[in-house]
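Undergrad: The structure file run-v5.tsv (TSV, C-alpha atoms) is provided below.
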chain	number	residue	atom	x	y	z
R	1250	MET	CA	8.56	-10.73	-12.74
R	1251	THR	CA	5.12	-12.34	-12.92
R	1252	ALA	CA	5.70	-13.31	-16.54
R	1253	LEU	CA	9.12	-14.73	-15.64
R	1254	ALA	CA	7.66	-16.68	-12.72
R	1255	ARG	CA	4.99	-18.18	-14.96
R	1256	ALA	CA	7.47	-19.13	-17.65
R	1257	SER	CA	9.88	-20.76	-15.20
R	1258	GLY	CA	7.44	-22.31	-12.71
R	1259	ALA	CA	8.75	-20.13	-9.88
R	1260	VAL	CA	6.77	-19.39	-6.74
R	1261	ASN	CA	5.56	-15.84	-7.38
R	1262	LEU	CA	5.95	-13.66	-4.30
R	1263	GLY	CA	6.46	-10.57	-6.41
R	1264	GLN	CA	2.88	-9.65	-7.25
R	1265	ALA	CA	0.83	-8.32	-4.33
R	1266	MET	CA	-2.32	-10.23	-5.13
R	1267	PRO	CA	-3.87	-12.78	-2.75
R	1268	ASP	CA	-4.16	-16.31	-4.08
R	1269	PHE	CA	-7.31	-16.78	-1.98
R	1270	ASP	CA	-10.73	-15.16	-2.23
R	1271	GLY	CA	-12.53	-12.63	-0.07
R	1272	PRO	CA	-15.53	-13.40	2.18
R	1273	ALA	CA	-18.52	-15.15	0.62
R	1274	VAL	CA	-20.87	-12.36	1.71
R	1275	LEU	CA	-19.35	-10.20	-1.03
R	1276	ARG	CA	-20.25	-12.55	-3.85
R	1277	THR	CA	-23.70	-13.25	-2.46
R	1278	ALA	CA	-24.50	-9.57	-2.02
R	1279	ALA	CA	-23.13	-8.61	-5.45
R	1280	ALA	CA	-25.16	-11.32	-7.16
R	1281	GLY	CA	-28.26	-10.16	-5.29
R	1282	ALA	CA	-27.72	-6.55	-6.35
R	1283	MET	CA	-27.26	-7.59	-9.98
R	1284	ALA	CA	-30.38	-9.74	-9.88
R	1285	ALA	CA	-32.30	-6.81	-8.41
R	1286	GLY	CA	-31.37	-4.67	-11.41
R	1287	ARG	CA	-28.80	-2.38	-9.80
R	1288	ASN	CA	-26.70	-2.48	-12.96
R	1289	GLN	CA	-27.02	1.05	-14.33
R	1290	TYR	CA	-25.30	4.28	-13.33
R	1291	GLY	CA	-25.42	5.07	-9.65
R	1292	PRO	CA	-24.81	8.39	-7.91
R	1293	SER	CA	-21.41	9.70	-8.97
R	1294	ALA	CA	-20.42	10.35	-5.36
R	1295	GLY	CA	-21.19	6.73	-4.51
R	1296	GLU	CA	-24.06	4.61	-3.27
R	1297	PRO	CA	-25.35	6.12	0.00
R	1298	GLU	CA	-25.13	2.74	1.76
R	1299	LEU	CA	-21.43	2.49	1.04
R	1300	ARG	CA	-20.66	6.10	1.89
R	1301	ARG	CA	-22.25	5.53	5.31
R	1302	ALA	CA	-20.37	2.26	5.83
R	1303	VAL	CA	-17.06	3.94	4.94
R	1304	ALA	CA	-17.73	6.84	7.29
R	1305	GLU	CA	-18.47	4.39	10.11
R	1306	ARG	CA	-15.15	2.51	9.90
R	1307	PRO	CA	-13.51	2.48	13.35
R	1308	ALA	CA	-10.32	4.39	12.48
R	1309	LEU	CA	-12.23	7.56	11.56
R	1310	ALA	CA	-15.76	6.90	12.81
R	1311	GLY	CA	-17.79	10.05	13.31
R	1312	ARG	CA	-15.22	12.35	11.69
R	1313	TYR	CA	-16.73	12.58	8.20
R	1314	ASP	CA	-20.20	13.40	6.86
R	1315	PRO	CA	-21.10	10.65	4.35
R	1316	GLU	CA	-23.20	13.06	2.30
R	1317	ARG	CA	-20.63	15.84	1.86
R	1318	GLU	CA	-17.22	14.37	2.73
R	1319	VAL	CA	-17.07	10.78	1.38
R	1320	THR	CA	-16.63	9.90	-2.31
R	1321	ILE	CA	-16.61	6.36	-3.68
R	1322	THR	CA	-14.06	5.82	-6.46
R	1323	ALA	CA	-12.83	3.10	-8.80
R	1324	GLY	CA	-10.20	1.91	-6.34
R	1325	ALA	CA	-7.81	3.91	-4.19
R	1326	THR	CA	-5.70	4.61	-7.29
R	1327	GLU	CA	-8.48	6.75	-8.73
R	1328	ALA	CA	-9.03	8.44	-5.37
R	1329	LEU	CA	-5.36	9.44	-5.25
R	1330	ALA	CA	-5.38	10.64	-8.85
R	1331	ALA	CA	-8.60	12.63	-8.40
R	1332	ALA	CA	-7.19	14.34	-5.31
R	1333	MET	CA	-3.98	15.34	-7.09
R	1334	LEU	CA	-5.79	16.58	-10.19
R	1335	ALA	CA	-8.23	18.54	-8.04
R	1336	LEU	CA	-5.80	20.15	-5.62
R	1337	LEU	CA	-2.55	20.68	-7.54
R	1338	ASP	CA	-1.65	23.36	-10.07
R	1339	PRO	CA	1.06	23.05	-12.72
R	1340	GLY	CA	4.45	23.71	-11.17
R	1341	ASP	CA	3.44	22.75	-7.64
R	1342	GLU	CA	5.86	20.45	-5.85
R	1343	VAL	CA	4.83	17.21	-4.16
R	1344	LEU	CA	6.94	15.45	-1.54
R	1345	LEU	CA	7.08	11.69	-2.14
R	1346	ILE	CA	8.59	9.42	0.50
R	1347	GLU	CA	10.88	6.94	-1.29
R	1348	PRO	CA	10.35	4.03	-1.81
R	1349	PHE	CA	6.81	4.88	-2.93
R	1350	TYR	CA	3.99	3.09	-4.70
R	1351	ASP	CA	4.87	3.34	-8.36
R	1352	SER	CA	1.75	5.23	-9.49
R	1353	TYR	CA	2.44	8.30	-7.33
R	1354	PRO	CA	4.97	10.04	-9.61
R	1355	ALA	CA	2.84	9.30	-12.67
R	1356	MET	CA	-0.16	10.96	-11.01
R	1357	VAL	CA	1.94	13.96	-10.03
R	1358	ALA	CA	3.05	14.30	-13.66
R	1359	LEU	CA	-0.54	14.05	-14.92
R	1360	ALA	CA	-1.41	16.99	-12.68
R	1361	GLY	CA	1.46	18.99	-14.17
R	1362	ALA	CA	3.19	19.09	-10.80
R	1363	ILE	CA	6.77	18.17	-9.86
R	1364	ALA	CA	7.64	15.12	-7.74
R	1365	VAL	CA	10.29	15.70	-5.07
R	1366	PRO	CA	11.45	12.30	-3.77
R	1367	VAL	CA	12.84	12.10	-0.25
R	1368	ALA	CA	14.41	8.76	0.69
R	1369	MET	CA	13.39	6.99	3.87
R	1370	GLU	CA	16.27	6.46	6.25
R	1371	ARG	CA	17.44	2.88	5.91
R	1372	VAL	CA	18.60	1.68	9.32
R	1373	PRO	CA	20.64	-1.54	9.59
R	1374	PRO	CA	20.39	-2.54	13.28
R	1375	ALA	CA	23.12	-4.96	14.28
R	1376	GLY	CA	22.14	-8.54	13.57
R	1377	ALA	CA	18.57	-7.65	12.70
R	1378	GLY	CA	18.57	-7.14	8.97
R	1379	LEU	CA	17.33	-3.67	8.15
R	1380	SER	CA	14.49	-1.25	8.81
R	1381	TRP	CA	13.33	2.20	7.75
R	1382	ARG	CA	12.17	5.36	9.48
R	1383	LEU	CA	10.47	8.54	8.33
R	1384	PRO	CA	13.07	11.07	7.08
R	1385	VAL	CA	11.73	13.97	9.15
R	1386	ASP	CA	14.72	16.30	8.77
R	1387	ALA	CA	15.13	15.57	5.06
R	1388	LEU	CA	11.43	16.24	4.40
R	1389	ALA	CA	11.68	19.57	6.20
R	1390	ALA	CA	14.76	20.48	4.16
R	1391	ALA	CA	13.03	19.53	0.88
R	1392	ALA	CA	9.91	21.63	1.55
R	1393	GLY	CA	10.01	25.05	-0.10
R	1394	PRO	CA	7.77	27.85	-1.33
R	1395	ARG	CA	6.40	25.77	-4.23
R	1396	THR	CA	5.68	22.68	-2.11
R	1397	ARG	CA	1.93	22.06	-2.03
R	1398	MET	CA	1.42	18.45	-0.94
R	1399	ILE	CA	3.01	15.50	0.81
R	1400	VAL	CA	1.92	11.93	0.04
R	1401	VAL	CA	1.94	9.53	2.98
R	1402	ASN	CA	1.40	5.76	2.87
R	1403	THR	CA	0.78	3.96	6.17
R	1404	PRO	CA	0.94	1.01	6.59
R	1405	HIS	CA	3.65	1.38	3.98
R	1406	ASN	CA	4.14	-0.44	0.71
R	1407	PRO	CA	6.79	-1.80	0.33
R	1408	THR	CA	8.59	-1.53	3.70
R	1409	GLY	CA	5.73	-2.55	6.02
R	1410	ARG	CA	6.28	0.48	8.29
R	1411	VAL	CA	3.36	1.86	10.33
R	1412	LEU	CA	3.87	5.48	11.31
R	1413	GLY	CA	3.97	6.01	15.07
R	1414	PRO	CA	2.85	8.98	17.21
R	1415	ALA	CA	6.17	10.86	17.03
R	1416	GLU	CA	6.33	10.56	13.24
R	1417	LEU	CA	2.71	11.62	12.83
R	1418	GLY	CA	3.35	14.60	15.08
R	1419	ALA	CA	6.37	15.61	12.99
R	1420	LEU	CA	4.28	15.22	9.83
R	1421	ALA	CA	1.60	17.50	11.30
R	1422	ASP	CA	4.19	20.13	12.20
R	1423	LEU	CA	5.63	20.04	8.69
R	1424	ALA	CA	2.20	20.33	7.04
R	1425	ARG	CA	1.14	23.25	9.21
R	1426	ARG	CA	4.46	25.08	8.85
R	1427	HIS	CA	4.41	24.90	5.04
R	1428	ASP	CA	0.61	24.93	4.56
R	1429	LEU	CA	0.61	21.56	2.78
R	1430	TYR	CA	-2.14	19.23	1.72
R	1431	VAL	CA	-1.59	15.74	3.16
R	1432	LEU	CA	-2.67	12.96	0.80
R	1433	THR	CA	-2.76	9.64	2.66
R	1434	ASP	CA	-2.86	6.20	1.08
R	1435	GLU	CA	-4.36	3.86	3.69
R	1436	VAL	CA	-5.28	0.80	1.65
R	1437	TYR	CA	-3.61	-1.42	4.28
R	1438	GLU	CA	-5.38	0.24	7.23
R	1439	GLU	CA	-6.75	-3.08	8.54
R	1440	LEU	CA	-3.46	-4.92	8.10
R	1441	TRP	CA	-1.37	-3.90	11.11
R	1442	PHE	CA	0.32	-6.36	13.46
R	1443	ASP	CA	1.74	-4.47	16.45
R	1444	ALA	CA	0.38	-1.02	17.23
R	1445	PRO	CA	-2.96	-0.19	15.56
R	1446	HIS	CA	-2.97	1.98	12.47
R	1447	VAL	CA	-3.66	5.68	13.14
R	1448	SER	CA	-4.76	7.80	10.21
R	1449	PRO	CA	-2.93	11.12	9.82
R	1450	ALA	CA	-6.40	12.66	9.55
R	1451	ALA	CA	-6.95	11.77	13.22
R	1452	VAL	CA	-3.96	13.86	14.33
R	1453	ASP	CA	-4.77	17.28	15.78
R	1454	GLY	CA	-4.62	19.95	13.12
R	1455	LEU	CA	-4.45	17.65	10.10
R	1456	ARG	CA	-8.06	16.81	9.26
R	1457	GLU	CA	-8.80	20.07	7.46
R	1458	ARG	CA	-5.84	19.67	5.10
R	1459	THR	CA	-5.93	15.87	4.61
R	1460	VAL	CA	-7.44	13.59	1.97
R	1461	VAL	CA	-7.72	9.96	3.12
R	1462	CYS	CA	-7.73	7.35	0.35
R	1463	GLY	CA	-8.56	3.69	0.88
R	1464	SER	CA	-10.14	0.63	-0.68
R	1465	VAL	CA	-11.21	-2.95	-0.04
R	1466	SER	CA	-8.67	-4.50	-2.41
R	1467	LYS	CA	-6.49	-5.69	0.47
R	1468	SER	CA	-8.79	-5.68	3.49
R	1469	LEU	CA	-11.44	-7.82	1.76
R	1470	SER	CA	-9.06	-9.59	-0.68
R	1471	VAL	CA	-10.83	-8.44	-3.85
R	1472	CYS	CA	-8.14	-6.57	-5.79
R	1473	GLY	CA	-10.10	-6.84	-9.03
R	1474	TRP	CA	-13.25	-5.14	-7.75
R	1475	ARG	CA	-11.76	-1.63	-7.81
R	1476	VAL	CA	-13.92	-0.09	-5.08
R	1477	GLY	CA	-12.22	2.65	-3.10
R	1478	TRP	CA	-12.89	6.01	-1.49
R	1479	ALA	CA	-11.66	9.49	-0.69
R	1480	LEU	CA	-12.52	11.19	2.59
R	1481	ALA	CA	-11.90	14.92	2.92
R	1482	PRO	CA	-13.42	18.13	4.28
R	1483	ALA	CA	-16.44	19.31	2.29
R	1484	GLU	CA	-14.58	22.02	0.36
R	1485	LEU	CA	-11.88	19.60	-0.81
R	1486	THR	CA	-14.45	16.86	-1.49
R	1487	ALA	CA	-16.40	19.17	-3.81
R	1488	ALA	CA	-13.29	19.63	-5.97
R	1489	ILE	CA	-12.42	15.93	-5.89
R	1490	ARG	CA	-15.95	14.97	-6.97
R	1491	VAL	CA	-15.72	17.19	-10.04
R	1492	VAL	CA	-12.59	15.36	-11.18
R	1493	HIS	CA	-14.02	11.96	-10.24
R	1494	ARG	CA	-17.05	12.54	-12.49
R	1495	PHE	CA	-14.75	12.96	-15.47
R	1496	LEU	CA	-12.47	10.04	-14.60
R	1497	SER	CA	-14.82	7.14	-13.94
R	1498	PHE	CA	-18.16	8.82	-13.05
R	1499	CYS	CA	-18.94	5.99	-10.62
R	1500	ALA	CA	-17.60	2.70	-9.34
R	1501	PRO	CA	-19.75	-0.36	-10.23
R	1502	PRO	CA	-23.00	-0.05	-8.21
R	1503	PRO	CA	-23.54	-3.79	-7.54
R	1504	LEU	CA	-20.02	-4.07	-6.14
R	1505	GLN	CA	-20.46	-0.93	-4.06
R	1506	LEU	CA	-23.61	-2.38	-2.47
R	1507	ALA	CA	-21.84	-5.67	-1.77
R	1508	VAL	CA	-18.91	-3.89	-0.16
R	1509	ALA	CA	-21.27	-1.86	2.03
R	1510	GLU	CA	-22.88	-5.04	3.33
R	1511	ALA	CA	-19.53	-6.76	3.83
R	1512	LEU	CA	-17.96	-3.84	5.70
R	1513	ARG	CA	-20.81	-3.74	8.18
R	1514	ALA	CA	-20.94	-7.52	8.62
R	1515	ARG	CA	-17.18	-8.00	8.84
R	1516	ALA	CA	-16.65	-5.22	11.39
R	1517	ALA	CA	-19.41	-6.57	13.62
R	1518	GLY	CA	-18.22	-10.16	13.35
R	1519	GLY	CA	-14.52	-9.67	14.16
R	1520	TYR	CA	-13.41	-10.51	10.62
R	1521	PHE	CA	-10.58	-8.00	10.60
R	1522	ASP	CA	-9.14	-9.32	13.86
R	1523	GLU	CA	-9.06	-12.78	12.30
R	1524	LEU	CA	-7.57	-11.38	9.08
R	1525	ARG	CA	-4.71	-9.74	10.98
R	1526	GLU	CA	-3.94	-12.98	12.79
R	1527	THR	CA	-4.02	-14.89	9.50
R	1528	TYR	CA	-1.56	-12.47	7.95
R	1529	ARG	CA	0.61	-12.41	11.07
R	1530	ARG	CA	1.14	-16.18	10.70
R	1531	ARG	CA	2.00	-15.76	7.05
R	1532	ARG	CA	4.39	-12.91	7.79
R	1533	ASP	CA	6.20	-14.90	10.45
R	1534	LEU	CA	6.42	-18.01	8.26
R	1535	LEU	CA	7.98	-16.11	5.38
R	1536	ALA	CA	10.26	-14.03	7.61
R	1537	GLY	CA	11.59	-17.21	9.20
R	1538	ALA	CA	12.18	-18.83	5.82
R	1539	LEU	CA	14.01	-15.79	4.45
R	1540	ALA	CA	16.19	-15.53	7.56
R	1541	ALA	CA	17.04	-19.24	7.45
R	1542	ALA	CA	18.14	-18.84	3.83
R	1543	GLY	CA	20.39	-15.87	4.63
R	1544	LEU	CA	17.99	-13.18	3.38
R	1545	PRO	CA	16.96	-11.33	6.57
R	1546	ALA	CA	13.87	-9.15	6.22
R	1547	ALA	CA	12.92	-5.88	7.84
R	1548	PRO	CA	10.17	-6.29	10.46
R	1549	ALA	CA	6.77	-5.72	8.86
R	1550	GLN	CA	4.54	-3.75	11.23
R	1551	GLY	CA	1.77	-3.75	8.63
R	1552	SER	CA	0.86	-4.36	4.96
R	1553	THR	CA	1.43	-7.73	3.24
R	1554	PHE	CA	5.13	-7.35	2.40
R	1555	LEU	CA	8.58	-8.15	3.65
R	1556	VAL	CA	11.63	-6.40	2.24
R	1557	ALA	CA	14.65	-8.68	2.45
R	1558	ASP	CA	18.35	-7.86	2.39
R	1559	THR	CA	19.79	-9.74	-0.61
R	1560	SER	CA	23.40	-8.66	-0.17
R	1561	GLY	CA	24.26	-11.97	1.52
R	1562	TRP	CA	23.43	-13.72	-1.78
R	1563	TRP	CA	24.17	-11.13	-4.46
R	1564	ASP	CA	24.84	-7.42	-4.54
R	1565	GLY	CA	24.09	-6.18	-8.00
R	1566	GLU	CA	21.54	-4.35	-10.12
R	1567	PRO	CA	18.13	-5.13	-8.51
R	1568	LEU	CA	16.37	-6.54	-11.57
R	1569	ALA	CA	19.34	-8.78	-12.33
R	1570	VAL	CA	19.32	-10.00	-8.72
R	1571	ALA	CA	15.59	-10.75	-8.94
R	1572	ARG	CA	16.11	-12.73	-12.14
R	1573	GLU	CA	19.01	-14.62	-10.59
R	1574	LEU	CA	16.84	-15.54	-7.61
R	1575	VAL	CA	14.26	-17.05	-9.97
R	1576	ARG	CA	16.99	-19.02	-11.72
R	1577	ALA	CA	18.78	-20.22	-8.57
R	1578	ALA	CA	15.87	-20.79	-6.19
R	1579	GLY	CA	12.66	-20.80	-8.24
R	1580	VAL	CA	11.22	-17.91	-6.19
R	1581	ALA	CA	10.22	-14.52	-7.58
R	1582	GLY	CA	10.51	-11.33	-5.55
R	1583	LEU	CA	10.04	-7.76	-6.72
R	1584	PRO	CA	12.93	-5.34	-7.29
R	1585	LEU	CA	12.18	-1.88	-5.91
R	1586	THR	CA	13.42	-0.07	-9.01
R	1587	SER	CA	9.91	1.18	-9.90
R	1588	PHE	CA	9.42	2.30	-6.28
R	1589	CYS	CA	12.52	4.51	-6.26
R	1590	ALA	CA	13.45	7.60	-8.23
R	1591	ARG	CA	17.13	6.82	-7.71
R	1592	GLY	CA	18.51	3.39	-8.46
R	1593	GLU	CA	20.86	3.30	-5.50
R	1594	ASN	CA	17.90	3.35	-3.12
R	1595	ALA	CA	16.62	0.09	-4.62
R	1596	ARG	CA	19.95	-1.72	-4.39
R	1597	GLY	CA	20.43	-4.69	-2.06
R	1598	VAL	CA	16.77	-5.46	-1.35
R	1599	LEU	CA	13.78	-7.28	-2.83
R	1600	ARG	CA	10.11	-7.16	-1.82
R	1601	PHE	CA	8.26	-10.41	-1.08
R	1602	ALA	CA	4.46	-10.60	-0.71
R	1603	PHE	CA	3.02	-12.89	1.96
R	1604	CYS	CA	-0.63	-12.57	0.90
R	1605	LYS	CA	-0.42	-16.19	-0.26
R	1606	ASP	CA	-1.62	-19.61	0.88
R	1607	LEU	CA	0.43	-21.14	3.67
R	1608	GLU	CA	1.40	-23.99	1.35
R	1609	THR	CA	2.73	-21.51	-1.22
R	1610	LEU	CA	4.84	-19.75	1.41
R	1611	ALA	CA	6.12	-23.04	2.79
R	1612	GLU	CA	7.18	-24.15	-0.70
R	1613	ALA	CA	8.96	-20.83	-1.25
R	1614	GLY	CA	10.80	-21.37	2.04
R	1615	ARG	CA	11.86	-24.88	1.05
R	1616	ARG	CA	13.22	-23.64	-2.27
R	1617	LEU	CA	15.12	-20.77	-0.68
R	1618	ARG	CA	16.73	-22.97	1.96
R	1619	SER	CA	17.62	-25.57	-0.64
R	1620	ALA	CA	19.30	-23.00	-2.88
R	1621	ALA	CA	21.24	-21.22	-0.12
R	1622	PRO	CA	24.21	-23.65	0.10
R	1623	ALA	CA	24.80	-23.56	-3.66
R	1624	VAL	CA	24.68	-19.78	-3.69
R	1625	ALA	CA	27.13	-19.65	-0.78
R	1626	ALA	CA	29.48	-22.03	-2.55
R	1627	VAL	CA	29.50	-19.86	-5.67
R	1628	ARG	CA	30.25	-16.75	-3.59
R	1629	LEU	CA	33.07	-18.51	-1.77
R	1630	GLY	CA	34.42	-19.67	-5.07
R	1631	GLY	CA	34.78	-16.06	-6.18
R	1632	ASP	CA	32.51	-16.28	-9.21
R	1633	ARG	CA	30.54	-13.26	-7.90
Could I get this file's structure written as structure tokens?

TA:
Amino acid sequence: MTALARASGAVNLGQAMPDFDGPAVLRTAAAGAMAAGRNQYGPSAGEPELRRAVAERPALAGRYDPEREVTITAGATEALAAAMLALLDPGDEVLLIEPFYDSYPAMVALAGAIAVPVAMERVPPAGAGLSWRLPVDALAAAAGPRTRMIVVNTPHNPTGRVLGPAELGALADLARRHDLYVLTDEVYEELWFDAPHVSPAAVDGLRERTVVCGSVSKSLSVCGWRVGWALAPAELTAAIRVVHRFLSFCAPPPLQLAVAEALRARAAGGYFDELRETYRRRRDLLAGALAAAGLPAAPAQGSTFLVADTSGWWDGEPLAVARELVRAAGVAGLPLTSFCARGENARGVLRFAFCKDLETLAEAGRRLRSAAPAVAAVRLGGDR
């Protein structure tokens, strides 16, 4: 979709990459670390400064020992992969909540395990587009004697859901009942808009079986830096660190040191409060534009995405719908085909990223509203 957007001059809301830069303190601190000669291998587990800064983050402050329970990785993707390779045996089953980030099933396969997708319940409230909820009963039904792990993403990509207390409680019950590892992807932990994000690791009875994965790609708007982490009890961390040494050995030390400084400075200065408000404005601008064009979106409680109902324009194969949107409106969204094991669960929706400049989002809205009458006329004419 990115290639198609470039070729056609479309506004690209498909790729989840900010078109603005992170805080200046990052670049200043990274340049200082490079100038000071911190350019060789660092400790495989991560620079001590960053491990301490990660352990001090408000959501889980005081719950993890930075020396024995925090590992710095080359992005959250490596953290997730290292955890699966460390904790899964061939033939183990892993519950994946569909739609899911597209790397999860690939990581499960690399570990020799078996992905068991369980679709989120799509709820179409009257007059309010659509929304999703955790499929508690379906997850319980899918768990069996070979189930070893469940992967949880909150705030959720792509739906924007933030798991609430009742869902987290049900997740804890399921994990305890079936003795499961809980692998949590929390890269959007700072990007919540209503109720604050709560890590599953903070729920009673889950810490000892949970691996928390995160990064600064989204919270500090530096997707290309690839600095992430895995937090887990010491016994699990020891296994994860063995795998991490043979995957990347260490994330780039100058960038680690810069992230450590930025995390401390940003938390103390209210940066994340400002970031949430910035994204809230962007979310609301894009949601309004989509609704005005006849593409109502599910409410995004977190993340940087809106998933819109496209059935009012077209109801066909998702990739074909995405291409038609580029042709008709000059706006690129992302079909959820790579986020779903079953094609029917991707039908009728597209994901739109609002981690873009306000001007970019406004232009996308203008194009969508301009195209809507022509699309409606074609539908009324019976050509679709």

Undergrad: Grab the CA of Ile1399 (chain R) to CA of Tyr1430 (chain R) distance for me, in Å with one decimal place.

TA: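 Value for the CA of Ile1399 (chain R)-CA of Tyr1430 (chain R) distance: 6.4 Å.
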
Undergrad: I'd like the interatomic distance between CA of Leu1539 (chain R) and CA of Pro1366 (chain R), to a tenth of an Å.

TA: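 It comes out at 29.4 Å.
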
Undergrad: Just the residues within 10 Å of region 1465-1474 of chain R, please, counting all atoms listed in the file, with nothing from its chain fewer than 6 positions along; format it as a PyMOL selection string.

TA: chain R and resi 1265-1272+1275+1323-1325+1436-1440+1500-1501+1504-1505+1508+1511-1512+1515+1520-1521+1524-1525+1552-1553+1604

Undergrad: For the residues in the current selection, export C-alpha atoms as a PDB file, in the coordinates of the input.

TA:
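For reference, again_36.pdb as written:
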ATOM      1  CA  ALA R1265       0.830  -8.320  -4.330  1.00  0.00           C
ATOM      2  CA  MET R1266      -2.320 -10.230  -5.130  1.00  0.00           C
ATOM      3  CA  PRO R1267      -3.870 -12.780  -2.750  1.00  0.00           C
ATOM      4  CA  ASP R1268      -4.160 -16.310  -4.080  1.00  0.00           C
ATOM      5  CA  PHE R1269      -7.310 -16.780  -1.980  1.00  0.00           C
ATOM      6  CA  ASP R1270     -10.730 -15.160  -2.230  1.00  0.00           C
ATOM      7  CA  GLY R1271     -12.530 -12.630  -0.070  1.00  0.00           C
ATOM      8  CA  PRO R1272     -15.530 -13.400   2.180  1.00  0.00           C
ATOM      9  CA  LEU R1275     -19.350 -10.200  -1.030  1.00  0.00           C
ATOM     10  CA  ALA R1323     -12.830   3.100  -8.800  1.00  0.00           C
ATOM     11  CA  GLY R1324     -10.200   1.910  -6.340  1.00  0.00           C
ATOM     12  CA  ALA R1325      -7.810   3.910  -4.190  1.00  0.00           C
ATOM     13  CA  VAL R1436      -5.280   0.800   1.650  1.00  0.00           C
ATOM     14  CA  TYR R1437      -3.610  -1.420   4.280  1.00  0.00           C
ATOM     15  CA  GLU R1438      -5.380   0.240   7.230  1.00  0.00           C
ATOM     16  CA  GLU R1439      -6.750  -3.080   8.540  1.00  0.00           C
ATOM     17  CA  LEU R1440      -3.460  -4.920   8.100  1.00  0.00           C
ATOM     18  CA  ALA R1500     -17.600   2.700  -9.340  1.00  0.00           C
ATOM     19  CA  PRO R1501     -19.750  -0.360 -10.230  1.00  0.00           C
ATOM     20  CA  LEU R1504     -20.020  -4.070  -6.140  1.00  0.00           C
ATOM     21  CA  GLN R1505     -20.460  -0.930  -4.060  1.00  0.00           C
ATOM     22  CA  VAL R1508     -18.910  -3.890  -0.160  1.00  0.00           C
ATOM     23  CA  ALA R1511     -19.530  -6.760   3.830  1.00  0.00           C
ATOM     24  CA  LEU R1512     -17.960  -3.840   5.700  1.00  0.00           C
ATOM     25  CA  ARG R1515     -17.180  -8.000   8.840  1.00  0.00           C
ATOM     26  CA  TYR R1520     -13.410 -10.510  10.620  1.00  0.00           C
ATOM     27  CA  PHE R1521     -10.580  -8.000  10.600  1.00  0.00           C
ATOM     28  CA  LEU R1524      -7.570 -11.380   9.080  1.00  0.00           C
ATOM     29  CA  ARG R1525      -4.710  -9.740  10.980  1.00  0.00           C
ATOM     30  CA  SER R1552       0.860  -4.360   4.960  1.00  0.00           C
ATOM     31  CA  THR R1553       1.430  -7.730   3.240  1.00  0.00           C
ATOM     32  CA  CYS R1604      -0.630 -12.570   0.900  1.00  0.00           C
TER      33      CYS R1604
END

Undergrad: Which residue out of R:Leu1568, R:Ala1536, R:Cys1499, R:Val1491 has the minimum interatomic distance to Gln1289 (chain R) when all atoms listed in the file are used?

TA: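 Checking each of R:Leu1568, R:Ala1536, R:Cys1499, R:Val1491 against Gln1289 (chain R), counting all atoms listed in the file, the winner is R:Cys1499.
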
Undergrad: Have a look at CA of Ala1364 (chain R) and CA of Ala1332 (chain R) and let me know their distance in Å, one decimal.

TA: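 Computing the Euclidean distance for CA of Ala1364 (chain R) and CA of Ala1332 (chain R) yields 15.0 Å.
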
Undergrad: My list of candidates is R:Ala1331, R:Leu1506, R:Ala1273, R:Ala1444. Which is closest to Ala1487 (chain R) when distances are computed with all atoms listed in the file?

TA: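 Checking each of R:Ala1331, R:Leu1506, R:Ala1273, R:Ala1444 against Ala1487 (chain R), counting all atoms listed in the file, the winner is R:Ala1331.
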
Undergrad: Using all atoms listed in the file, can you tell me which of R:Pro1584, R:Gly1614, R:Pro1622, R:Gly1579 comes closest to Asn1261 (chain R)?

TA: R:Gly1579

Undergrad: From the options R:Pro1307, R:Gly1537, R:Pro1548, R:Gly1418, which residue's atoms come nearest to Ala1516 (chain R), counting all atoms listed in the file?

TA: R:Pro1307

Undergrad: Could you make a table, as a tab-separated table, of the residues of region 1417-1527 of chain R that have an atom within 12 Å of an atom of region 1335-1351 of chain R, each with its nearest atom pair and distance in Å to one decimal, counting only C-alpha atoms, in chain and number order?

TA:
residue	atom	partner	partner_atom	distance
R:Leu1420	CA	R:Leu1344	CA	11.7
R:Leu1423	CA	R:Leu1344	CA	11.3
R:Ala1424	CA	R:Leu1344	CA	10.9
R:His1427	CA	R:Leu1344	CA	11.8
R:Leu1429	CA	R:Val1343	CA	9.2
R:Tyr1430	CA	R:Leu1336	CA	8.3
R:Val1431	CA	R:Leu1344	CA	9.7
R:Leu1432	CA	R:Val1343	CA	9.9
R:Thr1433	CA	R:Leu1345	CA	11.1
R:Asp1434	CA	R:Tyr1350	CA	9.5
R:Glu1435	CA	R:Tyr1350	CA	11.9
R:Val1436	CA	R:Tyr1350	CA	11.5
R:Arg1458	CA	R:Leu1336	CA	10.7
R:Thr1459	CA	R:Leu1336	CA	11.1
R:Val1460	CA	R:Leu1336	CA	10.2
R:Ala1481	CA	R:Leu1336	CA	11.7
R:Glu1484	CA	R:Leu1336	CA	10.8
R:Leu1485	CA	R:Leu1336	CA	7.8
R:Thr1486	CA	R:Ala1335	CA	9.2
R:Ala1487	CA	R:Ala1335	CA	9.2
R:Ala1488	CA	R:Ala1335	CA	5.6
R:Ile1489	CA	R:Ala1335	CA	5.4
R:Arg1490	CA	R:Ala1335	CA	8.6
R:Val1491	CA	R:Ala1335	CA	7.9
R:Val1492	CA	R:Ala1335	CA	6.2
R:His1493	CA	R:Ala1335	CA	9.0
R:Arg1494	CA	R:Ala1335	CA	11.6
R:Phe1495	CA	R:Ala1335	CA	11.4
R:Leu1496	CA	R:Ala1335	CA	11.5

Undergrad: Tell me which of R:Val1367, R:Ala1390, R:Ala1330, R:Leu1379 sits closest to Ala1547 (chain R), counting all atoms listed in the file.

TA: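 Using all atoms listed in the file, the shortest distance to Ala1547 (chain R) belongs to R:Leu1379.
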